[in-house]
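Notes for the one structure printed next.
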Amino acid sequence: METRSAVATASTPSPPVAPSRGSSDHVDPFLGTGATDLPTRTGIAATWWWPKPQVGNTHPGATYPLGMVSACAYSGAYPAGYGQYDLGTEGLPVPIYDGLLASGFTHFQQTGTGAIRKYYNYFRVTTMLAPLDALDTLWELTDEVAEPGYYAATLASGIRCEITVGPRSAVHRYTFGDHHDARVVIDLSLGGLTIPHGSTIPLRSHLASVSPGVAQGQIVVEGAPLSVHVECDADSWRQMLWYDRRLMPGGTRLDLDSIRPTTLRPFGLMWAGPTVAGQVVELRFGFSLRGVDQARENLLRDCGTERSAFATRRAATSRAWSEHLELIEVDTPSAPRRTVFATALYHSLIKPSLAPNESPFWPAQGPFAFDICTMWDIYRTQLPLLTMLLPDRAVELANALLHICEEEGNFPIGYPMARGADRFSRQASALAHTFLADLCQLGLPGIDWDWALVHMHNDLRRTYGEDFLRDGRVEPISHTLDLAFGYWCTAKAARVCRDDALVRDFDRFAGWWVNAFDVDTGLLRDSTFYEGGLWNYSFRLLPDMGQRIRLAGGDAAFVDLLDRFFGFGADPVRQPGRSPDATEMAAGYALNRFEGLNNEPDMEAPWAYTYAGRPDRTTEVVHAAVHQMFGTGRGGLPGNDDSGGLSSWYVWASLGLFPVAGQNLFLVNAPHFRRSRISVAGGSFEITTVGFLEPGPDVPVQYVQSVTLDGEPLQRAWLGGGEVHAGGRLEISLGPRPSDWGTTERPPSLSPYQSPTHPIATRRGLP
């Protein structure tokens with residue numbers, strides 16, 4: 001991918017950025033795979049409370065940018081199948097193994113998620129020097145190596161195992177010692193995790209030996225028909241099917257149907273033969289959701305016809321990752337900070353899985369996507385990042401969402417590689433509308449907005465939507481904000497389609513967000529909330545923040561609420577340990593405190609200060625989060641990465657920009673790198689600084705003193721989406737004390753800012 005130069009510069013040229021070029025070298029895929037291990041927090045960061053598991057839940061396996069396939073060592077641990085932890089919903093994770101172990105290497109993993117129930121880990125490959133009875137043995141992993149697109153480890157048996165992947169393929173390379181009967185075993189029956197109720201049972205399966213060194217198969221798992229075409233280059237080895245850990249000599253087909261947990265017996269494919277020290281065996285997998293023929297075509301497309309594909313495929317995937325990771329360049333002399341940033345960008349670009357022409361659920365060609373997981377997190381940070389860096393892929397994802405809505409009747413809240421059902425409707429409503437609204441306002445080509453408007457409108461009337469239209473608000477109360485904002489977003493599409501009648505209706509419904517608030521407290525009404533309380537959801541960045549601040553009593557009262565929420569002047573808190581009891585968790589929730597990026601329902605709240613004329617407070621909170629909630633190593637994340645939602649937050653916050661999702665707006669604050677450059681549609685958007693001090697233990701917070709955009713003074717603390725996507729140069733002067741920059745010209749709001757005494761109704765415009 002070509003890196004473009006800036007399209008505008010300030011009057012005084014700045015030195016060139018010292019980029020993290022080739023930044024895939026700085027990525028650490030192991031970051032976040034272990035229990036949180038960050039330095040003791042200080043200042044306001046010490047007052048934030050962590051309700052969710054203290055582990056990133058990432059995996060170090062081989063991945064491709066937004067690709068269909070991943071591959072990693074498999075232990076059955078929660079939640080990616082890699083590692084050593086039991087299922088956990090709060091506190092420190094509990095190990096179930098003494099170290100890092102694996103029974104083989106599986107394909108298709110989630111990244112950074114929690115209990116989403118669909119755990120994958122299909123087509124386990126196990127290298128063995130023992131009979132099939134030892135198939136599920138857990139071997140110690142040593143000498144692990146991981147980089148974008150590549151994973152390797154040595155098993156206790158001494159076999160060196162290496163894996164790389166393409167968009168729809170995986171290539172394994174195994175180096176054996178001297179042995180009279182080595183084996184490579186593929187288990188088609190295994191799926192999921194070893195935790196209680198974590199296994200995935202195939203509903204039916206077909207497996208066939210096609211020719212020497214070639215086999216094909218399909219498993220139907222969670223309603224999705226996943227096909228594989230596999231080739232092995234060990235010509236002289238025996239090729240056999242097996243069932244219930246017993247070989248099927250001479251068998252060439254195995255068909256199973258109506259499988260249930262009590263009738264499931266392990267089954268699969270095996271190659272076996274003698275090896276000499278240093279002998280290499282390569283396996284090549286092509287995958288598809290549309291049959292074995294397409295799986296074979298996918299393998300040919302990804303790996304060509306050469307007999308050995310590993311080196312070529314690894315190099316191509318490495319180049320793809322370098323091209324994606326070079327879309328943002330940062331200047332820092334700090335190797336740890338470079339690693340944290342590069343890895344955050346890497347984690348942000350693994351999911352969703354984009355797989356055009358692979359939908360197993362409808363016959364038409366066209367965009368298809370899965371692993372749209374934790375949509376309630378990624379819509380605010382990761383999807384705007386995708387839109388900025390890869391607008392064509394963002395449009396592809398948008399069209400995939402529209403196809404899903406047309407075929408299944410709803411926009412997904414979560415969409416794994418499974419048939420329907422898991423909608424995660426408790427978490428939030430109308431999330432796709434936010435993503436579509438940004439694309440609409442940017443005017444990106446490739447979306448039929450008449451088609452989109454139909455589905456955006458219809459989706460708003462489903463699930464909680466009927467109650468919203470009837471009563472003006474719904475429970476859980478946070479869904480009132482979701483649906484009101486969904487109508488605000490859908491009005492953008494209605495305006496493009498020139499449907500004035502719908503615009504009038506949608507504008508009226510969008511105003512019903514006020515019905516969610518209690519004017520006596522300035523906060524949301526008491527209700528049930530998903531993974532938080534009313535404080536965590538009360539500081540959402542609404543389109544009408546002027547009215548929202550008046551509802552709280554004006555600027556000072558609103559800032560006082562935020563100060564309490566972020567713990568200014570509060571005592572440090574004690575984080576939950578292993579297996580915290582209900583009393584300990586209830587006491588933590590009762591603090592009504594910011595969740596400190598351990599969880600994401602309040603991830604945008606630091607920027608609420610900006611709307612009240614206090615960008616300095618945003619600076620203080622974000623500084624504490626960027627420098628105390630993220631680190632290097634396996635324990636470098638404060639909580640679940642949530643499919644890149646958390647890592648994307650770090651990318652934005654450290655650059656000094658934050659997207660207001662759905663509103664085509666970016667809030668500006670103090671950056672945490674001296675210089676950065678973002679590749680955008682219009683060229684590049686550069687952020688440079690004056691007076692920057694490299695962050696360190698003794699370096700205080702730096703506040704914005706003044707800003708110029710393409711050399712012109714900028715008093716406002718925000719930029720329109722079009723300004724950023726067009727490219728340019730933002731120069732930010734920093735200093736040790738707050739200034740008056742950004743205090744008077746507020747970010748856009750539907751209603752003008754008025755005095756704190758302005759009356760406001762608790763309900764308005766009910767139908």
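Simple scheme: letters A, B, ... for chains in structure tokens order, numbers from 1 for residues in each chain, numbers from 1 for ligands in the order shown.
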
Note to self: When you look at A:Ala418 with a cut-off of 10 Å (counting only C-alpha atoms), what residues show up, excluding the ones that are within fewer than 5 positions of it in the same chain? I need them as a ChimeraX atom specification.
What the structure shows: /A:118,120,220-225,360-361,370-371

*Can you check which residues of stretch 39-79 of chain A DSSP gives as strand (DSSP E) on the backbone and send them as a list of chain:residue names?*
A:Ala62, A:Thr63, A:Ser70, A:Ala71, A:Cys72, A:Ala73, A:Tyr74

request  = Tell me which protein, DNA and RNA residues are within 9 Å of stretch 156-159 of chain A, counting only C-alpha atoms, leaving out same-chain ones fewer than 6 positions away, and put them as a ChimeraX atom specification.
outcome  = /A:127-129,139-142,174-177

Going by DSSP on the backbone, which bits of stretch 235-422 of chain A are helix (DSSP H, G or I)? Write them as an mmCIF file with N, CA, C and O atoms, in the first residue's frame, please.
data_model
loop_
_atom_site.group_PDB
_atom_site.id
_atom_site.type_symbol
_atom_site.label_atom_id
_atom_site.label_comp_id
_atom_site.auth_asym_id
_atom_site.auth_seq_id
_atom_site.Cartn_x
_atom_site.Cartn_y
_atom_site.Cartn_z
ATOM 1 N N VAL A 292 -16.253 -27.473 -0.689
ATOM 2 C CA VAL A 292 -14.859 -27.884 -0.818
ATOM 3 C C VAL A 292 -14.230 -27.391 -2.118
ATOM 4 O O VAL A 292 -13.018 -27.138 -2.173
ATOM 5 N N ASP A 293 -15.018 -27.243 -3.171
ATOM 6 C CA ASP A 293 -14.447 -26.739 -4.423
ATOM 7 C C ASP A 293 -13.959 -25.305 -4.250
ATOM 8 O O ASP A 293 -12.871 -24.942 -4.729
ATOM 9 N N GLN A 294 -14.753 -24.497 -3.577
ATOM 10 C CA GLN A 294 -14.311 -23.118 -3.345
ATOM 11 C C GLN A 294 -13.153 -23.084 -2.361
ATOM 12 O O GLN A 294 -12.282 -22.221 -2.464
ATOM 13 N N ALA A 295 -13.112 -24.015 -1.410
ATOM 14 C CA ALA A 295 -11.973 -24.094 -0.496
ATOM 15 C C ALA A 295 -10.683 -24.358 -1.275
ATOM 16 O O ALA A 295 -9.632 -23.764 -0.998
ATOM 17 N N ARG A 296 -10.768 -25.256 -2.249
ATOM 18 C CA ARG A 296 -9.589 -25.536 -3.083
ATOM 19 C C ARG A 296 -9.195 -24.299 -3.883
ATOM 20 O O ARG A 296 -8.007 -23.958 -3.980
ATOM 21 N N GLU A 297 -10.173 -23.603 -4.460
ATOM 22 C CA GLU A 297 -9.872 -22.382 -5.210
ATOM 23 C C GLU A 297 -9.233 -21.336 -4.307
ATOM 24 O O GLU A 297 -8.314 -20.617 -4.722
ATOM 25 N N ASN A 298 -9.711 -21.228 -3.076
ATOM 26 C CA ASN A 298 -9.131 -20.258 -2.144
ATOM 27 C C ASN A 298 -7.680 -20.592 -1.830
ATOM 28 O O ASN A 298 -6.835 -19.691 -1.704
ATOM 29 N N LEU A 299 -7.377 -21.888 -1.688
ATOM 30 C CA LEU A 299 -5.988 -22.284 -1.447
ATOM 31 C C LEU A 299 -5.111 -21.927 -2.640
ATOM 32 O O LEU A 299 -4.003 -21.379 -2.477
ATOM 33 N N LEU A 300 -5.582 -22.203 -3.841
ATOM 34 C CA LEU A 300 -4.802 -21.864 -5.036
ATOM 35 C C LEU A 300 -4.591 -20.358 -5.145
ATOM 36 O O LEU A 300 -3.507 -19.891 -5.502
ATOM 37 N N ARG A 301 -5.633 -19.595 -4.831
ATOM 38 C CA ARG A 301 -5.523 -18.141 -4.923
ATOM 39 C C ARG A 301 -4.511 -17.605 -3.895
ATOM 40 O O ARG A 301 -3.734 -16.703 -4.189
ATOM 41 N N ASP A 302 -4.534 -18.172 -2.699
ATOM 42 C CA ASP A 302 -3.657 -17.685 -1.633
ATOM 43 C C ASP A 302 -2.229 -18.209 -1.761
ATOM 44 O O ASP A 302 -1.275 -17.509 -1.396
ATOM 45 N N CYS A 303 -2.064 -19.438 -2.242
ATOM 46 C CA CYS A 303 -0.764 -20.103 -2.152
ATOM 47 C C CYS A 303 -0.198 -20.564 -3.484
ATOM 48 O O CYS A 303 0.935 -21.070 -3.531
ATOM 49 N N PHE A 310 5.039 -22.307 2.070
ATOM 50 C CA PHE A 310 5.149 -21.638 3.368
ATOM 51 C C PHE A 310 5.901 -20.307 3.262
ATOM 52 O O PHE A 310 5.399 -19.271 3.709
ATOM 53 N N ALA A 311 7.086 -20.324 2.707
ATOM 54 C CA ALA A 311 7.902 -19.108 2.682
ATOM 55 C C ALA A 311 7.239 -18.006 1.871
ATOM 56 O O ALA A 311 7.227 -16.833 2.275
ATOM 57 N N THR A 312 6.656 -18.385 0.743
ATOM 58 C CA THR A 312 6.006 -17.387 -0.106
ATOM 59 C C THR A 312 4.794 -16.796 0.577
ATOM 60 O O THR A 312 4.578 -15.573 0.564
ATOM 61 N N ARG A 313 3.972 -17.651 1.186
ATOM 62 C CA ARG A 313 2.773 -17.156 1.865
ATOM 63 C C ARG A 313 3.146 -16.298 3.071
ATOM 64 O O ARG A 313 2.523 -15.253 3.310
ATOM 65 N N ARG A 314 4.143 -16.718 3.820
ATOM 66 C CA ARG A 314 4.556 -15.921 4.983
ATOM 67 C C ARG A 314 5.033 -14.541 4.549
ATOM 68 O O ARG A 314 4.688 -13.532 5.175
ATOM 69 N N ALA A 315 5.815 -14.480 3.474
ATOM 70 C CA ALA A 315 6.323 -13.186 3.008
ATOM 71 C C ALA A 315 5.191 -12.290 2.530
ATOM 72 O O ALA A 315 5.180 -11.079 2.802
ATOM 73 N N ALA A 316 4.222 -12.866 1.811
ATOM 74 C CA ALA A 316 3.103 -12.059 1.310
ATOM 75 C C ALA A 316 2.257 -11.517 2.456
ATOM 76 O O ALA A 316 1.824 -10.351 2.440
ATOM 77 N N THR A 317 2.014 -12.340 3.466
ATOM 78 C CA THR A 317 1.223 -11.877 4.605
ATOM 79 C C THR A 317 1.989 -10.837 5.404
ATOM 80 O O THR A 317 1.407 -9.860 5.881
ATOM 81 N N SER A 318 3.290 -11.017 5.537
ATOM 82 C CA SER A 318 4.107 -10.019 6.226
ATOM 83 C C SER A 318 4.048 -8.678 5.505
ATOM 84 O O SER A 318 3.932 -7.613 6.134
ATOM 85 N N ARG A 319 4.112 -8.705 4.164
ATOM 86 C CA ARG A 319 4.001 -7.457 3.405
ATOM 87 C C ARG A 319 2.640 -6.814 3.615
ATOM 88 O O ARG A 319 2.534 -5.587 3.759
ATOM 89 N N ALA A 320 1.585 -7.628 3.616
ATOM 90 C CA ALA A 320 0.244 -7.069 3.825
ATOM 91 C C ALA A 320 0.145 -6.383 5.171
ATOM 92 O O ALA A 320 -0.423 -5.286 5.294
ATOM 93 N N TRP A 321 0.708 -7.014 6.201
ATOM 94 C CA TRP A 321 0.665 -6.378 7.521
ATOM 95 C C TRP A 321 1.498 -5.097 7.547
ATOM 96 O O TRP A 321 1.075 -4.090 8.145
ATOM 97 N N SER A 322 2.661 -5.119 6.908
ATOM 98 C CA SER A 322 3.480 -3.892 6.882
ATOM 99 C C SER A 322 2.736 -2.754 6.203
ATOM 100 O O SER A 322 2.755 -1.608 6.677
ATOM 101 N N GLU A 323 2.061 -3.050 5.092
ATOM 102 C CA GLU A 323 1.304 -2.016 4.389
ATOM 103 C C GLU A 323 0.203 -1.440 5.273
ATOM 104 O O GLU A 323 -0.028 -0.228 5.281
ATOM 105 N N HIS A 324 -0.473 -2.284 6.024
ATOM 106 C CA HIS A 324 -1.547 -1.806 6.891
ATOM 107 C C HIS A 324 -0.993 -1.036 8.095
ATOM 108 O O HIS A 324 -1.542 0.012 8.472
ATOM 109 N N LEU A 325 0.074 -1.538 8.674
ATOM 110 C CA LEU A 325 0.613 -0.894 9.876
ATOM 111 C C LEU A 325 1.340 0.405 9.559
ATOM 112 O O LEU A 325 1.511 1.250 10.436
ATOM 113 N N ALA A 335 11.290 2.586 22.681
ATOM 114 C CA ALA A 335 10.933 1.279 22.116
ATOM 115 C C ALA A 335 9.673 0.702 22.747
ATOM 116 O O ALA A 335 8.820 0.164 22.030
ATOM 117 N N PRO A 336 9.499 0.796 24.069
ATOM 118 C CA PRO A 336 8.248 0.279 24.641
ATOM 119 C C PRO A 336 7.005 0.995 24.123
ATOM 120 O O PRO A 336 5.988 0.355 23.823
ATOM 121 N N ARG A 337 7.052 2.321 24.008
ATOM 122 C CA ARG A 337 5.884 3.056 23.519
ATOM 123 C C ARG A 337 5.617 2.717 22.057
ATOM 124 O O ARG A 337 4.456 2.630 21.632
ATOM 125 N N ARG A 338 6.658 2.518 21.285
ATOM 126 C CA ARG A 338 6.484 2.130 19.887
ATOM 127 C C ARG A 338 5.813 0.762 19.805
ATOM 128 O O ARG A 338 4.931 0.527 18.970
ATOM 129 N N THR A 339 6.207 -0.150 20.688
ATOM 130 C CA THR A 339 5.607 -1.484 20.702
ATOM 131 C C THR A 339 4.140 -1.423 21.090
ATOM 132 O O THR A 339 3.292 -2.083 20.472
ATOM 133 N N VAL A 340 3.814 -0.646 22.114
ATOM 134 C CA VAL A 340 2.418 -0.546 22.545
ATOM 135 C C VAL A 340 1.557 0.011 21.418
ATOM 136 O O VAL A 340 0.462 -0.504 21.138
ATOM 137 N N PHE A 341 2.048 1.050 20.735
ATOM 138 C CA PHE A 341 1.255 1.646 19.662
ATOM 139 C C PHE A 341 1.111 0.694 18.481
ATOM 140 O O PHE A 341 0.001 0.486 17.963
ATOM 141 N N ALA A 342 2.232 0.122 18.030
ATOM 142 C CA ALA A 342 2.181 -0.762 16.867
ATOM 143 C C ALA A 342 1.279 -1.965 17.133
ATOM 144 O O ALA A 342 0.510 -2.395 16.265
ATOM 145 N N THR A 343 1.346 -2.498 18.357
ATOM 146 C CA THR A 343 0.519 -3.649 18.684
ATOM 147 C C THR A 343 -0.950 -3.257 18.776
ATOM 148 O O THR A 343 -1.839 -4.024 18.372
ATOM 149 N N ALA A 344 -1.223 -2.068 19.299
ATOM 150 C CA ALA A 344 -2.614 -1.598 19.350
ATOM 151 C C ALA A 344 -3.182 -1.467 17.943
ATOM 152 O O ALA A 344 -4.323 -1.864 17.678
ATOM 153 N N LEU A 345 -2.405 -0.918 17.022
ATOM 154 C CA LEU A 345 -2.874 -0.799 15.640
ATOM 155 C C LEU A 345 -3.068 -2.183 15.024
ATOM 156 O O LEU A 345 -4.058 -2.435 14.313
ATOM 157 N N TYR A 346 -2.157 -3.091 15.307
ATOM 158 C CA TYR A 346 -2.285 -4.479 14.827
ATOM 159 C C TYR A 346 -3.568 -5.119 15.351
ATOM 160 O O TYR A 346 -4.354 -5.691 14.575
ATOM 161 N N HIS A 347 -3.818 -5.025 16.648
ATOM 162 C CA HIS A 347 -5.039 -5.600 17.217
ATOM 163 C C HIS A 347 -6.296 -4.959 16.632
ATOM 164 O O HIS A 347 -7.353 -5.605 16.557
ATOM 165 N N SER A 348 -6.185 -3.716 16.205
ATOM 166 C CA SER A 348 -7.341 -3.007 15.657
ATOM 167 C C SER A 348 -7.717 -3.468 14.259
ATOM 168 O O SER A 348 -8.815 -3.157 13.780
ATOM 169 N N MET A 375 -19.774 -5.499 19.040
ATOM 170 C CA MET A 375 -20.138 -4.326 18.246
ATOM 171 C C MET A 375 -20.397 -3.126 19.143
ATOM 172 O O MET A 375 -20.148 -1.976 18.754
ATOM 173 N N TRP A 376 -20.868 -3.385 20.377
ATOM 174 C CA TRP A 376 -21.156 -2.304 21.318
ATOM 175 C C TRP A 376 -19.879 -1.603 21.782
ATOM 176 O O TRP A 376 -19.953 -0.550 22.394
ATOM 177 N N ASP A 377 -18.725 -2.184 21.497
ATOM 178 C CA ASP A 377 -17.443 -1.532 21.785
ATOM 179 C C ASP A 377 -16.806 -0.976 20.520
ATOM 180 O O ASP A 377 -16.348 0.166 20.498
ATOM 181 N N ILE A 378 -16.762 -1.785 19.447
ATOM 182 C CA ILE A 378 -15.987 -1.379 18.275
ATOM 183 C C ILE A 378 -16.631 -0.244 17.498
ATOM 184 O O ILE A 378 -15.947 0.458 16.747
ATOM 185 N N GLN A 382 -13.104 1.355 16.825
ATOM 186 C CA GLN A 382 -12.478 0.558 15.783
ATOM 187 C C GLN A 382 -13.082 0.817 14.405
ATOM 188 O O GLN A 382 -12.360 0.913 13.414
ATOM 189 N N LEU A 383 -14.401 0.928 14.316
ATOM 190 C CA LEU A 383 -15.010 1.178 13.011
ATOM 191 C C LEU A 383 -14.656 2.566 12.468
ATOM 192 O O LEU A 383 -14.403 2.695 11.260
ATOM 193 N N PRO A 384 -14.613 3.631 13.289
ATOM 194 C CA PRO A 384 -14.098 4.903 12.750
ATOM 195 C C PRO A 384 -12.647 4.816 12.288
ATOM 196 O O PRO A 384 -12.261 5.478 11.322
ATOM 197 N N LEU A 385 -11.824 3.999 12.964
ATOM 198 C CA LEU A 385 -10.440 3.832 12.530
ATOM 199 C C LEU A 385 -10.387 3.114 11.186
ATOM 200 O O LEU A 385 -9.632 3.501 10.286
ATOM 201 N N LEU A 386 -11.190 2.080 11.037
ATOM 202 C CA LEU A 386 -11.282 1.383 9.759
ATOM 203 C C LEU A 386 -11.746 2.329 8.658
ATOM 204 O O LEU A 386 -11.210 2.316 7.541
ATOM 205 N N THR A 387 -12.720 3.176 8.969
ATOM 206 C CA THR A 387 -13.239 4.124 7.985
ATOM 207 C C THR A 387 -12.172 5.106 7.542
ATOM 208 O O THR A 387 -12.084 5.475 6.364
ATOM 209 N N MET A 388 -11.333 5.523 8.481
ATOM 210 C CA MET A 388 -10.291 6.482 8.132
ATOM 211 C C MET A 388 -9.174 5.837 7.320
ATOM 212 O O MET A 388 -8.740 6.376 6.289
ATOM 213 N N LEU A 389 -8.699 4.680 7.760
ATOM 214 C CA LEU A 389 -7.523 4.093 7.148
ATOM 215 C C LEU A 389 -7.834 3.294 5.895
ATOM 216 O O LEU A 389 -7.035 3.265 4.956
ATOM 217 N N PRO A 391 -11.091 3.109 3.814
ATOM 218 C CA PRO A 391 -12.491 3.435 3.517
ATOM 219 C C PRO A 391 -13.166 2.420 2.594
ATOM 220 O O PRO A 391 -14.361 2.150 2.749
ATOM 221 N N ASP A 392 -12.432 1.826 1.660
ATOM 222 C CA ASP A 392 -13.039 0.831 0.777
ATOM 223 C C ASP A 392 -13.479 -0.399 1.563
ATOM 224 O O ASP A 392 -14.542 -0.981 1.294
ATOM 225 N N ARG A 393 -12.660 -0.820 2.539
ATOM 226 C CA ARG A 393 -13.046 -1.975 3.356
ATOM 227 C C ARG A 393 -14.199 -1.616 4.286
ATOM 228 O O ARG A 393 -15.045 -2.464 4.612
ATOM 229 N N ALA A 394 -14.249 -0.363 4.730
ATOM 230 C CA ALA A 394 -15.376 0.075 5.560
ATOM 231 C C ALA A 394 -16.680 0.007 4.777
ATOM 232 O O ALA A 394 -17.712 -0.439 5.291
ATOM 233 N N VAL A 395 -16.647 0.442 3.522
ATOM 234 C CA VAL A 395 -17.837 0.361 2.677
ATOM 235 C C VAL A 395 -18.207 -1.101 2.437
ATOM 236 O O VAL A 395 -19.388 -1.469 2.442
ATOM 237 N N GLU A 396 -17.213 -1.946 2.249
ATOM 238 C CA GLU A 396 -17.473 -3.378 2.082
ATOM 239 C C GLU A 396 -18.179 -3.941 3.311
ATOM 240 O O GLU A 396 -19.155 -4.697 3.197
ATOM 241 N N LEU A 397 -17.698 -3.582 4.498
ATOM 242 C CA LEU A 397 -18.335 -4.042 5.730
ATOM 243 C C LEU A 397 -19.756 -3.504 5.837
ATOM 244 O O LEU A 397 -20.683 -4.234 6.236
ATOM 245 N N ALA A 398 -19.950 -2.243 5.492
ATOM 246 C CA ALA A 398 -21.291 -1.660 5.548
ATOM 247 C C ALA A 398 -22.259 -2.418 4.646
ATOM 248 O O ALA A 398 -23.400 -2.714 5.038
ATOM 249 N N ASN A 399 -21.829 -2.734 3.440
ATOM 250 C CA ASN A 399 -22.701 -3.489 2.534
ATOM 251 C C ASN A 399 -22.951 -4.908 3.047
ATOM 252 O O ASN A 399 -24.037 -5.464 2.853
ATOM 253 N N ALA A 400 -21.960 -5.480 3.712
ATOM 254 C CA ALA A 400 -22.177 -6.791 4.324
ATOM 255 C C ALA A 400 -23.245 -6.705 5.411
ATOM 256 O O ALA A 400 -24.116 -7.579 5.514
ATOM 257 N N LEU A 401 -23.201 -5.651 6.216
ATOM 258 C CA LEU A 401 -24.223 -5.464 7.247
ATOM 259 C C LEU A 401 -25.609 -5.300 6.636
ATOM 260 O O LEU A 401 -26.604 -5.833 7.149
ATOM 261 N N LEU A 402 -25.674 -4.579 5.534
ATOM 262 C CA LEU A 402 -26.959 -4.390 4.869
ATOM 263 C C LEU A 402 -27.480 -5.706 4.288
ATOM 264 O O LEU A 402 -28.682 -5.988 4.364
ATOM 265 N N HIS A 403 -26.595 -6.516 3.745
ATOM 266 C CA HIS A 403 -27.010 -7.831 3.249
ATOM 267 C C HIS A 403 -27.528 -8.697 4.402
ATOM 268 O O HIS A 403 -28.539 -9.401 4.260
ATOM 269 N N ILE A 404 -26.824 -8.674 5.529
ATOM 270 C CA ILE A 404 -27.263 -9.448 6.691
ATOM 271 C C ILE A 404 -28.648 -9.005 7.119
ATOM 272 O O ILE A 404 -29.538 -9.824 7.392
ATOM 273 N N CYS A 405 -28.866 -7.688 7.165
ATOM 274 C CA CYS A 405 -30.168 -7.164 7.583
ATOM 275 C C CYS A 405 -31.257 -7.586 6.592
ATOM 276 O O CYS A 405 -32.353 -7.979 6.989
ATOM 277 N N GLU A 406 -30.946 -7.525 5.315
ATOM 278 C CA GLU A 406 -31.946 -7.900 4.316
ATOM 279 C C GLU A 406 -32.297 -9.384 4.401
ATOM 280 O O GLU A 406 -33.463 -9.765 4.300
ATOM 281 N N GLU A 407 -31.293 -10.218 4.625
ATOM 282 C CA GLU A 407 -31.521 -11.660 4.620
ATOM 283 C C GLU A 407 -32.058 -12.172 5.951
ATOM 284 O O GLU A 407 -32.818 -13.141 5.978
ATOM 285 N N GLU A 408 -31.682 -11.538 7.056
ATOM 286 C CA GLU A 408 -32.030 -12.071 8.367
ATOM 287 C C GLU A 408 -33.010 -11.199 9.141
ATOM 288 O O GLU A 408 -33.504 -11.609 10.188
#

Fill in: Spatial neighbours of stretch 451-461 of chain A, 8 Å, only C-alpha atoms, chain gap at least 5 places, as number ranges by chain
A: 402, 405-406, 409-411, 430, 433, 466, 469, 483, 486-487, 490, 493-494

request  = Tell me, as number ranges by chain, which residues lie within 8 Å of A:Asn121, counting only C-alpha atoms; anything in the same chain fewer than 4 positions away does not count.
outcome  = A: 74, 80-81, 106-109, 190-193

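The smallest atom-to-atom distance between A:Val125 and any of A:Leu269, A:Trp48, A:His197, A:Asp25, using only C-alpha atoms, is found for A:Leu269.
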
Separating atom CA of A:Asp602 from atom CA of A:Phe509, to the nearest tenth of an Å, is a gap of 24.0 Å

Atom CA of A:Val185 sits from atom CA of A:Ile350 at a separation of 27.9 Å

Nearby residues (only C-alpha atoms) at most 12 Å from A:Trp512, same-chain spacing under 4 positions excluded, as a ChimeraX atom specification: /A:468-474,477,479-488,505-508,516-517,542-544,547-548,761-767

> If you count only C-alpha atoms, which residues fall within 8 Å of stretch 58-69 of chain A, apart from same-chain ones fewer than 6 positions away, as a PyMOL selection string?
Replying inline: chain A and resi 29-33+80+82-83+107-108+111-113+146-151+163-170+317+320-321+324+349-355+640-641

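For the set A:Met270, A:Ile96, A:Gln575, A:Arg160, the residue with the smallest atom-to-atom gap to A:Glu144 is A:Arg160, counting only C-alpha atoms.
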
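Coordinates place atom CA of A:Gly366 at a distance of 12.5 Å from atom CA of A:Gly446.
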
Counting only C-alpha atoms, the residue among A:Glu90, A:Asp244, A:Asp581, A:Glu745 that lies closest to A:Leu264 is A:Asp244

Across A:Glu620, A:Glu306, A:Asp178, A:Glu475, the smallest distance to A:Gly278, with only C-alpha atoms counted, is shown by A:Asp178

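Using only C-alpha atoms, the nearest neighbour of A:Met545 within the list A:Leu207, A:Met248, A:Val660, A:Ala582 is A:Val660.
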